[in-house]
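coords.txt (compact mmCIF, C-alpha atoms)
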# COMPACT_ATOMS: atom_id res chain seq x y z
CA MET A 1261 24.27 1.55 -28.35
CA ALA A 1262 24.61 4.33 -25.81
CA ARG A 1263 21.46 5.77 -24.32
CA ALA A 1264 20.80 8.53 -21.85
CA GLU A 1265 20.56 7.16 -18.33
CA PRO A 1266 18.09 8.59 -15.83
CA THR A 1267 19.73 11.25 -13.74
CA LEU A 1268 19.49 11.54 -10.00
CA SER A 1269 18.38 15.12 -9.92
CA ALA A 1270 16.16 16.52 -7.21
CA ASP A 1271 13.11 16.63 -9.45
CA THR A 1272 13.15 12.94 -10.33
CA GLY A 1273 14.17 11.72 -6.90
CA ALA A 1274 16.96 9.27 -6.18
CA GLY A 1275 14.60 6.38 -5.55
CA ALA A 1276 12.68 6.73 -8.80
CA ALA A 1277 15.89 7.07 -10.80
CA VAL A 1278 17.36 3.94 -9.23
CA VAL A 1279 14.16 2.02 -9.92
CA GLU A 1280 14.36 3.13 -13.54
CA LEU A 1281 17.97 2.05 -13.78
CA LEU A 1282 17.10 -1.26 -12.19
CA ALA A 1283 14.26 -1.82 -14.67
CA ARG A 1284 16.47 -0.95 -17.60
CA HIS A 1285 19.25 -3.26 -16.49
CA ARG A 1286 17.23 -6.07 -14.99
CA ASP A 1287 18.61 -8.44 -17.61
CA LEU A 1288 22.14 -7.63 -16.46
CA LEU A 1289 21.27 -8.31 -12.83
CA ARG A 1290 19.66 -11.61 -13.78
CA ALA A 1291 22.69 -12.55 -15.89
CA TYR A 1292 25.02 -11.96 -12.94
CA LEU A 1293 22.76 -14.02 -10.68
CA ARG A 1294 22.39 -16.73 -13.31
CA VAL A 1295 26.15 -17.31 -13.39
CA GLN A 1296 25.99 -18.35 -9.76
CA VAL A 1297 22.57 -19.99 -9.60
CA GLY A 1298 23.49 -22.40 -12.40
CA ALA A 1299 20.80 -24.99 -12.97
CA ARG A 1300 18.66 -24.03 -9.99
CA ALA A 1301 15.23 -22.75 -10.87
CA ASP A 1302 14.79 -20.18 -8.10
CA LEU A 1303 16.46 -17.27 -9.85
CA ASP A 1304 13.22 -15.26 -9.67
CA ASP A 1305 13.09 -15.47 -5.88
CA LEU A 1306 16.71 -14.43 -5.54
CA GLU A 1307 16.25 -11.57 -7.99
CA GLN A 1308 13.32 -10.25 -6.04
CA GLU A 1309 15.27 -10.32 -2.79
CA VAL A 1310 18.01 -8.29 -4.44
CA CYS A 1311 15.51 -5.86 -5.96
CA VAL A 1312 13.96 -5.20 -2.55
CA ALA A 1313 17.39 -4.61 -1.01
CA ILE A 1314 18.39 -2.23 -3.79
CA TRP A 1315 15.20 -0.25 -3.58
CA ARG A 1316 15.44 0.10 0.20
CA GLU A 1317 18.90 1.59 -0.19
CA ALA A 1318 18.07 3.55 -3.34
CA ALA A 1319 18.38 6.94 -1.67
CA ALA A 1320 21.94 6.11 -0.62
CA PHE A 1321 23.12 5.57 -4.18
CA ASP A 1322 25.82 8.04 -5.14
CA HIS A 1323 25.30 8.90 -8.80
CA GLY A 1324 29.00 9.54 -9.12
CA ARG A 1325 29.58 5.82 -8.68
CA SER A 1326 29.10 2.98 -11.12
CA PHE A 1327 25.53 1.67 -11.00
CA ALA A 1328 26.69 -1.73 -12.22
CA ALA A 1329 29.19 -2.03 -9.36
CA TRP A 1330 26.58 -0.89 -6.85
CA MET A 1331 23.83 -3.18 -8.13
CA LEU A 1332 26.09 -6.22 -8.50
CA GLY A 1333 27.61 -5.53 -5.09
CA PHE A 1334 24.14 -5.89 -3.56
CA ALA A 1335 23.60 -8.98 -5.61
CA ARG A 1336 26.85 -10.53 -4.38
CA ILE A 1337 25.90 -10.00 -0.73
CA HIS A 1338 22.51 -11.61 -1.27
CA VAL A 1339 23.92 -14.51 -3.25
CA LEU A 1340 26.31 -15.27 -0.39
CA ARG A 1341 23.43 -15.23 2.13
CA TRP A 1342 21.33 -17.32 -0.17
CA ARG A 1343 24.15 -19.85 -0.59
CA ASP A 1344 24.29 -20.20 3.18
CA ARG A 1345 20.61 -21.12 3.15
CA CYS A 1346 20.95 -23.52 0.21
CA GLY A 1347 23.82 -25.46 1.73
CA ARG A 1348 26.09 -27.52 -0.50
CA ASP A 1349 24.05 -27.57 -3.66
CA ARG A 1350 26.26 -28.97 -6.39
CA ARG A 1351 24.56 -26.86 -9.04
CA LEU A 1352 25.79 -23.57 -7.56
CA VAL A 1353 28.84 -21.74 -8.85
CA ALA A 1354 30.94 -20.03 -6.16
CA LEU A 1355 32.53 -16.91 -7.58
CA ASP A 1356 35.70 -15.65 -5.94
CA GLU A 1357 36.51 -11.95 -5.57
CA THR A 1358 38.55 -11.83 -8.78
CA ALA A 1359 35.78 -13.40 -10.86
CA HIS A 1360 33.22 -11.07 -9.26
CA ASP A 1361 35.41 -8.06 -10.07
CA SER A 1362 35.76 -9.20 -13.68
CA LEU A 1363 31.99 -9.56 -13.96
CA VAL A 1364 31.50 -6.10 -12.48
CA TRP A 1365 33.94 -4.71 -15.03
CA ALA A 1366 32.02 -6.54 -17.77
CA GLY A 1367 28.74 -5.28 -16.32
CA GLU A 1368 29.95 -1.70 -16.52
CA ARG A 1369 30.84 -2.23 -20.18
CA LEU A 1370 27.41 -3.71 -20.92
CA LEU A 1371 25.59 -1.07 -18.92
CA ALA A 1372 27.30 1.61 -21.01
CA GLU A 1373 25.78 -0.04 -24.07
CA GLY A 1374 22.25 0.40 -22.64
CA GLY A 1375 19.44 -2.09 -22.05
CA ALA A 1376 17.98 -4.24 -24.78
CA GLY A 1377 14.24 -4.04 -23.90
CA ASP A 1378 12.04 -3.29 -26.89
CA ASP A 1379 14.95 -3.65 -29.34
CA LEU A 1380 15.36 -7.27 -28.33
CA ARG A 1381 11.67 -7.93 -28.87
CA ARG A 1382 11.91 -6.44 -32.36
CA CYS A 1383 14.91 -8.65 -33.12
CA LEU A 1384 13.06 -11.71 -31.83
CA ASP A 1385 10.17 -10.91 -34.13
CA ARG A 1386 12.53 -10.99 -37.11
CA LEU A 1387 13.74 -14.53 -36.48
CA ASP A 1388 12.76 -17.21 -38.95
CA PRO A 1389 10.24 -19.74 -37.58
CA ALA A 1390 12.80 -22.51 -37.01
CA SER A 1391 15.14 -20.24 -35.08
CA ARG A 1392 12.27 -18.75 -33.12
CA ARG A 1393 11.15 -22.25 -32.16
CA LEU A 1394 14.63 -23.12 -30.88
CA ILE A 1395 14.74 -19.95 -28.83
CA GLU A 1396 11.30 -20.60 -27.36
CA TRP A 1397 12.11 -24.19 -26.47
CA ARG A 1398 15.22 -23.12 -24.63
CA PHE A 1399 14.17 -19.85 -22.99
CA ALA A 1400 10.38 -19.94 -22.72
CA ASP A 1401 9.77 -23.67 -22.22
CA GLY A 1402 13.04 -24.27 -20.35
CA LEU A 1403 14.06 -27.38 -22.29
CA ASP A 1404 17.60 -28.58 -21.72
CA LEU A 1405 19.99 -29.01 -24.62
CA ALA A 1406 19.58 -32.77 -24.71
CA ALA A 1407 15.82 -32.43 -25.18
CA ILE A 1408 16.27 -29.82 -27.89
CA ALA A 1409 18.88 -31.96 -29.64
CA ARG A 1410 16.43 -34.87 -29.70
CA ARG A 1411 13.71 -32.68 -31.19
CA ILE A 1412 15.87 -31.44 -34.03
CA ARG A 1413 17.66 -34.77 -34.39
CA THR A 1414 21.16 -33.56 -33.85
CA SER A 1415 23.89 -33.76 -31.23
CA VAL A 1416 23.89 -31.79 -27.99
CA ALA A 1417 27.06 -30.00 -29.12
CA THR A 1418 25.41 -28.91 -32.38
CA ALA A 1419 22.27 -27.75 -30.59
CA SER A 1420 24.48 -25.82 -28.16
CA ARG A 1421 26.38 -24.13 -30.99
CA ARG A 1422 23.19 -23.23 -32.87
CA LEU A 1423 21.64 -21.68 -29.81
CA ALA A 1424 24.82 -19.82 -28.88
CA ARG A 1425 25.02 -18.44 -32.41
CA LEU A 1426 21.38 -17.37 -32.32
CA VAL A 1427 21.92 -15.56 -29.02
CA GLN A 1428 25.00 -13.85 -30.46
CA ASP A 1429 23.00 -12.83 -33.54
CA LEU A 1430 20.25 -11.39 -31.36
CA ASP A 1431 22.80 -9.47 -29.32
CA ALA A 1432 24.34 -8.13 -32.52
CA CYS A 1433 20.88 -7.22 -33.82
CA VAL A 1434 20.13 -5.25 -30.64
CA ARG A 1435 23.39 -3.39 -30.91
CA ARG A 1436 22.66 -2.47 -34.53
CA GLN A 1437 19.35 -0.83 -33.58
CA PRO A 1438 19.36 2.93 -34.06
CA MET B 1323 41.33 -15.79 -24.80
CA THR B 1324 41.07 -17.25 -28.30
CA ALA B 1325 37.83 -17.78 -30.23
CA ARG B 1326 38.15 -21.51 -29.60
CA SER B 1327 38.43 -21.06 -25.87
CA LEU B 1328 35.40 -18.75 -25.87
CA GLY B 1329 33.54 -21.58 -27.57
CA GLU B 1330 34.74 -23.90 -24.85
CA LEU B 1331 33.57 -21.42 -22.26
CA ASP B 1332 30.12 -21.50 -23.86
CA GLN B 1333 30.08 -25.27 -23.67
CA ALA B 1334 31.25 -25.21 -20.06
CA TRP B 1335 28.42 -22.84 -19.24
CA ASP B 1336 25.87 -25.03 -21.04
CA ALA B 1337 26.85 -27.92 -18.76
CA VAL B 1338 26.47 -25.71 -15.68
CA ALA B 1339 23.12 -24.36 -16.87
CA ASP B 1340 21.78 -27.85 -17.54
CA GLY B 1341 23.07 -29.21 -14.23
CA THR B 1342 25.47 -31.70 -15.80
CA ALA B 1343 28.73 -29.97 -14.80
CA ASP B 1344 30.80 -31.57 -12.05
CA ALA B 1345 32.74 -29.68 -9.38
CA ALA B 1346 35.87 -29.50 -11.51
CA ALA B 1347 33.93 -28.03 -14.43
CA ARG B 1348 32.34 -25.40 -12.19
CA ALA B 1349 35.72 -24.50 -10.71
CA GLY B 1350 37.10 -24.24 -14.25
CA LEU B 1351 34.31 -21.83 -15.15
CA VAL B 1352 35.19 -19.63 -12.17
CA ARG B 1353 38.86 -19.64 -13.23
CA ASP B 1354 37.84 -18.56 -16.72
CA LEU B 1355 35.70 -15.76 -15.34
CA ARG B 1356 38.70 -14.22 -13.59
CA GLY B 1357 39.69 -13.06 -17.05
CA ARG B 1358 37.89 -9.98 -18.27
CA GLU B 1359 37.38 -11.18 -21.82
CA ALA B 1360 35.70 -14.36 -20.65
CA ALA B 1361 33.61 -12.47 -18.09
CA LEU B 1362 32.42 -10.03 -20.75
CA HIS B 1363 31.67 -12.82 -23.21
CA LEU B 1364 29.62 -14.87 -20.75
CA LEU B 1365 27.85 -11.93 -19.14
CA ARG B 1366 26.92 -10.55 -22.55
CA ARG B 1367 25.51 -13.92 -23.56
CA LEU B 1368 23.59 -14.40 -20.32
CA ARG B 1369 22.26 -10.86 -20.39
CA THR B 1370 20.83 -11.48 -23.85
CA GLU B 1371 19.42 -14.84 -22.72
CA GLU B 1372 17.75 -13.28 -19.69
CA GLY B 1373 16.42 -10.50 -21.92
CA ILE B 1374 14.93 -13.18 -24.16
CA ARG B 1375 13.33 -14.94 -21.18
CA LEU B 1376 11.84 -11.67 -20.02
CA ALA B 1377 10.69 -10.69 -23.50
CA LEU B 1378 9.04 -14.04 -24.14
CA GLY B 1379 7.49 -14.22 -20.71
CA ARG B 1380 6.27 -10.72 -20.20
CA PRO B 1381 6.01 -8.16 -23.01
CA GLY B 1382 6.58 -4.65 -21.86
CA TRP B 1383 8.36 -5.62 -18.66
CA ALA B 1384 10.59 -2.58 -18.64
CA ARG B 1385 7.97 0.09 -18.98
CA ARG B 1386 8.94 2.93 -16.78
CA HIS B 1387 5.54 3.74 -15.38
CA ARG B 1388 5.18 0.27 -13.94
CA LEU B 1389 8.38 0.56 -12.01
CA VAL B 1390 7.66 4.03 -10.74
CA LEU B 1391 4.27 2.81 -9.55
CA ALA B 1392 5.95 -0.17 -7.98
CA ALA B 1393 8.42 2.09 -6.23
CA ALA B 1394 5.61 4.18 -4.83
CA ALA B 1395 3.85 1.04 -3.72
CA LEU B 1396 6.90 -0.28 -1.90
CA LEU B 1397 7.35 3.08 -0.25
CA ALA B 1398 3.75 2.88 0.86
CA ILE B 1399 4.15 -0.55 2.40
CA SER B 1400 7.39 0.44 4.09
CA THR B 1401 5.59 3.29 5.82
CA GLY B 1402 2.73 1.09 6.88
CA VAL B 1403 0.21 2.19 4.29
CA TRP B 1404 -1.92 -0.70 3.11
CA LEU B 1405 -3.02 -0.44 -0.48
CA LEU B 1406 -6.39 -1.97 -1.08
CA ILE B 1407 -8.82 -2.35 -3.86
CA PRO B 1408 -11.71 0.04 -3.08
CA GLY B 1409 -14.48 -1.62 -1.17
CA HIS B 1410 -12.34 -4.59 -0.27
CA ARG B 1411 -10.47 -4.25 2.99
CA PRO B 1412 -9.07 -7.53 4.20
CA GLU B 1413 -7.88 -6.31 7.57
CA ALA B 1414 -11.07 -4.47 8.48
CA PRO B 1415 -13.25 -6.40 10.89
CA SER B 1416 -16.76 -7.22 9.72
CA ALA B 1417 -19.28 -4.68 10.88
CA GLN B 1418 -21.73 -7.47 11.55
CA PRO B 1419 -20.61 -10.87 12.77
CA PRO B 1420 -21.44 -13.35 10.03
CA GLU B 1421 -24.15 -15.87 10.49
CA LEU B 1422 -22.29 -19.13 10.52
CA ALA B 1423 -23.22 -22.67 11.08
CA GLU B 1424 -22.30 -23.82 14.56
CA ASP B 1425 -19.73 -26.18 13.24
CA GLU B 1426 -17.93 -23.44 11.27
CA PRO B 1427 -14.73 -22.69 13.17
CA PHE B 1428 -12.92 -20.29 10.86
CA ALA B 1429 -14.97 -17.13 10.61
CA GLY B 1430 -12.96 -14.00 11.34
CA ARG B 1431 -10.08 -15.94 12.81
CA PRO B 1432 -6.62 -17.13 11.87
CA VAL B 1433 -6.66 -20.43 10.04
CA ALA B 1434 -4.52 -23.21 11.47
CA ALA B 1435 -2.38 -25.44 9.30
CA GLY B 1436 -4.26 -28.38 7.84
CA ASP B 1437 -7.36 -29.20 5.80
CA HIS B 1438 -10.55 -27.19 6.30
CA ARG B 1439 -14.01 -26.89 4.86
CA LEU B 1440 -15.23 -23.33 4.49
CA PRO B 1441 -18.78 -22.08 5.10
CA ASP B 1442 -19.61 -21.91 1.39
CA GLY B 1443 -18.51 -25.52 0.86
CA SER B 1444 -15.09 -24.69 -0.56
CA SER B 1445 -12.08 -26.52 0.80
CA LEU B 1446 -8.82 -25.06 1.98
CA THR B 1447 -5.47 -26.60 2.82
CA THR B 1448 -2.90 -24.49 4.62
CA ALA B 1449 0.73 -25.51 4.85
CA ALA B 1450 2.68 -25.51 8.09
CA ARG B 1451 3.83 -22.08 9.32
CA THR B 1452 1.27 -20.35 7.12
CA ASP B 1453 -0.16 -17.07 8.29
CA CYS B 1454 -3.69 -16.95 6.91
CA SER B 1455 -6.99 -15.56 8.10
CA LEU B 1456 -10.55 -15.98 6.94
CA ARG B 1457 -13.41 -13.55 6.74
CA TRP B 1458 -16.84 -14.73 5.79
CA ASP B 1459 -19.88 -12.49 5.62
CA ALA B 1460 -22.81 -11.54 3.45
CA GLU B 1461 -20.50 -10.28 0.66
CA GLY B 1462 -18.57 -13.47 0.41
CA THR B 1463 -15.37 -15.11 1.57
CA LEU B 1464 -11.99 -13.47 1.91
CA LEU B 1465 -8.79 -15.37 2.61
CA SER B 1466 -5.92 -13.06 3.58
CA LEU B 1467 -2.52 -14.69 3.20
CA GLY B 1468 0.39 -13.12 5.07
CA GLN B 1469 3.06 -15.80 4.59
CA GLY B 1470 3.08 -19.43 3.56
CA ARG B 1471 1.05 -21.46 1.12
CA ILE B 1472 -2.58 -22.32 0.69
CA VAL B 1473 -4.45 -24.53 -1.75
CA CYS B 1474 -8.16 -23.87 -2.29
CA THR B 1475 -10.87 -25.65 -4.17
CA VAL B 1476 -13.53 -23.00 -4.50
CA VAL B 1477 -17.13 -23.91 -5.28
CA ALA B 1478 -19.22 -21.85 -7.68
CA GLN B 1479 -20.33 -18.73 -5.83
CA GLU B 1480 -23.95 -17.74 -5.41
CA PRO B 1481 -25.04 -14.55 -7.20
CA GLY B 1482 -23.89 -11.44 -5.32
CA ARG B 1483 -21.20 -13.29 -3.38
CA ARG B 1484 -17.52 -13.53 -4.15
CA PHE B 1485 -14.54 -15.51 -3.03
CA ALA B 1486 -11.21 -13.70 -2.91
CA VAL B 1487 -7.69 -14.62 -1.93
CA SER B 1488 -5.72 -11.57 -0.97
CA THR B 1489 -2.06 -10.78 -0.28
CA PRO B 1490 -0.27 -7.42 -0.20
CA GLU B 1491 0.84 -8.00 -3.78
CA ALA B 1492 -2.15 -9.70 -5.36
CA GLU B 1493 -5.85 -10.37 -5.27
CA VAL B 1494 -7.51 -13.31 -6.97
CA LEU B 1495 -11.26 -13.55 -7.41
CA VAL B 1496 -12.19 -17.19 -7.73
CA ASP B 1497 -15.46 -18.76 -8.77
CA GLY B 1498 -15.51 -22.52 -9.13
CA ALA B 1499 -11.79 -23.18 -9.50
CA ARG B 1500 -8.79 -24.70 -7.80
CA LEU B 1501 -5.65 -22.73 -7.11
CA ALA B 1502 -2.51 -22.49 -4.98
CA VAL B 1503 -1.20 -19.23 -3.59
CA ARG B 1504 2.16 -18.87 -1.90
CA ARG B 1505 3.62 -15.80 -0.26
CA ARG B 1506 7.27 -15.80 0.65
CA GLY B 1507 8.97 -12.60 1.72
CA VAL B 1508 7.36 -9.92 -0.40
CA THR B 1509 6.50 -12.14 -3.33
CA THR B 1510 3.17 -13.74 -4.10
CA ARG B 1511 2.97 -16.72 -6.43
CA VAL B 1512 -0.35 -17.81 -7.90
CA VAL B 1513 -0.76 -21.18 -9.63
CA PRO B 1514 -4.11 -22.05 -11.23
CA GLY B 1515 -5.22 -25.67 -10.97
CA ASP B 1516 -8.02 -26.39 -13.38
CA ARG B 1517 -8.94 -23.17 -15.17
CA GLU B 1518 -7.54 -19.81 -16.11
CA LEU B 1519 -7.53 -17.26 -13.31
CA ARG B 1520 -7.46 -13.50 -13.28
CA VAL B 1521 -5.00 -12.04 -10.82
CA ARG B 1522 -4.98 -8.39 -9.91
CA ASP B 1523 -1.54 -6.85 -9.45
CA ARG B 1524 -2.16 -4.56 -6.49
CA TRP B 1525 0.69 -2.25 -7.39
CA THR B 1526 -0.54 -1.36 -10.83
CA GLY B 1527 -4.18 -2.41 -10.63
CA GLU B 1528 -3.64 -4.49 -13.75
CA LEU B 1529 -5.72 -7.64 -14.17
CA LEU B 1530 -3.52 -10.48 -15.41
CA ALA B 1531 -4.79 -13.71 -16.93
CA VAL B 1532 -2.89 -16.79 -15.76
CA ALA B 1533 -3.46 -20.04 -17.64
CA VAL B 1534 -3.38 -23.57 -16.28
CA GLY B 1535 0.19 -24.83 -16.34
CA GLU B 1536 1.50 -21.37 -15.79
CA ARG B 1537 2.39 -19.50 -12.61
CA ILE B 1538 2.83 -15.83 -11.91
CA ASP B 1539 5.03 -14.11 -9.35
CA LEU B 1540 4.06 -10.65 -8.18
CA ALA B 1541 6.33 -8.47 -6.09
CA ALA B 1542 6.18 -4.88 -5.06
CA HIS B 1543 9.27 -3.76 -6.90
CA CYS B 1544 9.50 -5.81 -10.05
CA ALA B 1545 7.23 -6.51 -12.97
CA PRO B 1546 5.27 -9.76 -12.78
CA VAL B 1547 7.24 -12.84 -13.76
CA ARG B 1548 5.48 -15.65 -15.60
CA SER B 1549 6.88 -19.13 -15.91
CA ALA B 1550 5.78 -22.72 -16.26
CA ALA B 1551 4.38 -24.18 -13.04
CA LYS B 1552 6.28 -27.11 -11.63
CA LYS B 1553 4.45 -30.39 -11.10
CA ASP B 1554 4.87 -30.31 -7.35
CA GLU B 1555 3.32 -26.87 -6.99
CA MET B 1556 0.23 -27.55 -9.07
CA PRO B 1557 -2.80 -27.52 -6.79
Now, as a test, write the supplied structure out as structure tokens.
Amino acid sequence: MARAEPTLSADTGAGAAVVELLARHRDLLRAYLRVQVGARADLDDLEQEVCVAIWREAAAFDHGRSFAAWMLGFARIHVLRWRDRCGRDRRLVALDETAHDSLVWAGERLLAEGGAGDDLRRCLDRLDPASRRLIEWRFADGLDLAAIARRIRTSVATASRRLARLVQDLDACVRRQP
Amino acid sequence: MTARSLGELDQAWDAVADGTADAAARAGLVRDLRGREAALHLLRRLRTEEGIRLALGRPGWARRHRLVLAAAALLAISTGVWLLIPGHRPEAPSAQPPELAEDEPFAGRPVAAGDHRLPDGSSLTTAARTDCSLRWDAEGTLLSLGQGRIVCTVVAQEPGRRFAVSTPEAEVLVDGARLAVRRRGVTTRVVPGDRELRVRDRWTGELLAVAVGERIDLAAHCAPVRSAAKKDEMP
């Protein structure tokens, strides 16, 4: 679903427009970081470091360039610094340049579709109670798949597939929104 | 990539996300992500998952006015302007030196790392390398946290007095409660210990209720992030 992006005209100001873009695509930034953070729980701290860096350089953003590439480029630099601080944590995923470039390409595609925001909340509200419960266990309570599988008395693989399908359905629901 | 291999990619990611993937599995994930189709598939999935986390944790997180306010606030701090709640100025020296008991060592001074008892009977623990100062006067007690972590057990306040913990991002008014506050970089984390707390987001002025078992992160540039408090950070 394509939506009008904030423009970087003189009356809005480059900084405010970048902050708006960042807010709209915060889920994309977090997704990119999540790929590399893996099972570590400090995604919020890393995200905030990246947000600060982006805002400080907001005025330098050239609106002729891809915002996804710019934002994820900042994120990559900060992830590399952060990895240096974390040492050899086996939960981290070390992207190479090719994988990063593929994710930037994917990010540009997703950014062109627009942010989910309120549409996603509407789609969540339409879930049946059992599906909603699964989603909340996984994404609000942070349960791992093994714990969820025990609760619904199924295998980890089945729980994984059900959740993946629910996430796909929610994504499809968001994209169907007018 | 075939539908089956996208399914395998999902399973590989699940193992990474749950911390059960070994080095070979993580390297395999990176190899997959070199392909655009796999990168788009996984990023789309994770973007939706992060959107769900944000939607469940904080309704209305993407409202524009919040971010514009936050931007203005960060600009203010970057130019040295200190935003304060009216009538509450942590850095201002007390006009009148407080009347303190002789054995009260913390009035108007930086607080060293360790355990302390405050003039009103509350207790305070400051972690190593914590930058924290205390003001105590007729209006009440103010703890200003610059960096680091503090844990307070605050006694019930007498009428007309208040106990506040203040950082550039947040202010918490406490009355008979236990809490932990951590500031790292430009982020303040507040964790209630035994009762719900109300935390003021300095950048928007919004008063946010934080329940026991929950924590809230406030930063100048992003909307507040709520999540479950970890056992080891509960005060």
Checklist entry - So how many Å separate CA of Thr1510 in chain B and CA of Gln1469 in chain B, to one decimal? => result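 Answer for the CA of Thr1510 in chain B to CA of Gln1469 in chain B separation: 8.9 Å.
Shortest atom-to-atom contact with chain A among B:Ser1455, B:Ser1445, B:Ser1466, B:Ser1549: B:Ser1549, counting only C-alpha atoms.
The gap separating CA of Arg1375 in chain B from CA of Arg1290 in chain A is 10.3 Å, in Å to one decimal.
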Can you list every residue of chain B that has an atom at most 6 Å from chain A, with its nearest atom pair and the distance in Å to one decimal, using all atoms listed in the file, ordered by chain then number, as JSON lines?
{"residue": "B:Val1338", "atom": "CA", "partner": "A:Gly1298", "partner_atom": "CA", "distance": 5.5}
{"residue": "B:Ala1339", "atom": "CA", "partner": "A:Ala1299", "partner_atom": "CA", "distance": 4.6}
{"residue": "B:Asp1340", "atom": "CA", "partner": "A:Ala1299", "partner_atom": "CA", "distance": 5.5}
{"residue": "B:Gly1341", "atom": "CA", "partner": "A:Ala1299", "partner_atom": "CA", "distance": 5.0}
{"residue": "B:Val1352", "atom": "CA", "partner": "A:Leu1355", "partner_atom": "CA", "distance": 6.0}
{"residue": "B:Leu1355", "atom": "CA", "partner": "A:Ala1359", "partner_atom": "CA", "distance": 5.1}
{"residue": "B:Arg1356", "atom": "CA", "partner": "A:Ala1359", "partner_atom": "CA", "distance": 4.1}
{"residue": "B:Arg1358", "atom": "CA", "partner": "A:Ser1362", "partner_atom": "CA", "distance": 5.1}
{"residue": "B:Ala1361", "atom": "CA", "partner": "A:Leu1363", "partner_atom": "CA", "distance": 5.3}
{"residue": "B:Leu1362", "atom": "CA", "partner": "A:Ala1366", "partner_atom": "CA", "distance": 4.6}
{"residue": "B:Leu1368", "atom": "CA", "partner": "A:Ala1291", "partner_atom": "CA", "distance": 4.9}
{"residue": "B:Arg1369", "atom": "CA", "partner": "A:Ala1291", "partner_atom": "CA", "distance": 4.8}
{"residue": "B:Glu1372", "atom": "CA", "partner": "A:Asp1287", "partner_atom": "CA", "distance": 5.3}
{"residue": "B:Gly1373", "atom": "CA", "partner": "A:Asp1287", "partner_atom": "CA", "distance": 5.3}
{"residue": "B:Arg1375", "atom": "CA", "partner": "A:Phe1399", "partner_atom": "CA", "distance": 5.3}
{"residue": "B:Ala1384", "atom": "CA", "partner": "A:Ala1283", "partner_atom": "CA", "distance": 5.5}
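From CA of Val1508 in chain B back to CA of Trp1342 in chain A, the distance works out to 15.8 Å.
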Item to check | Selected residue, from B:Val1473, B:Glu1480, B:Ala1345, B:Pro1432, that lies nearest to Arg1457 in chain B when counting only C-alpha atoms | outcome: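 Distance minimum relative to Arg1457 in chain B lands on B:Pro1432.
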Checklist outcome for this item: If you count all atoms listed in the file, the residue of B:Ala1551, B:Ala1492, B:Leu1446, B:Leu1501 closest to Trp1525 in chain B turns out to be B:Ala1492
Checklist entry - Contacts of Glu1518 in chain B at 7 Å or less, counting only C-alpha atoms, minus same-chain residues fewer than 4 places along, as a PyMOL selection string? => result chain B and resi 1514+1531-1534
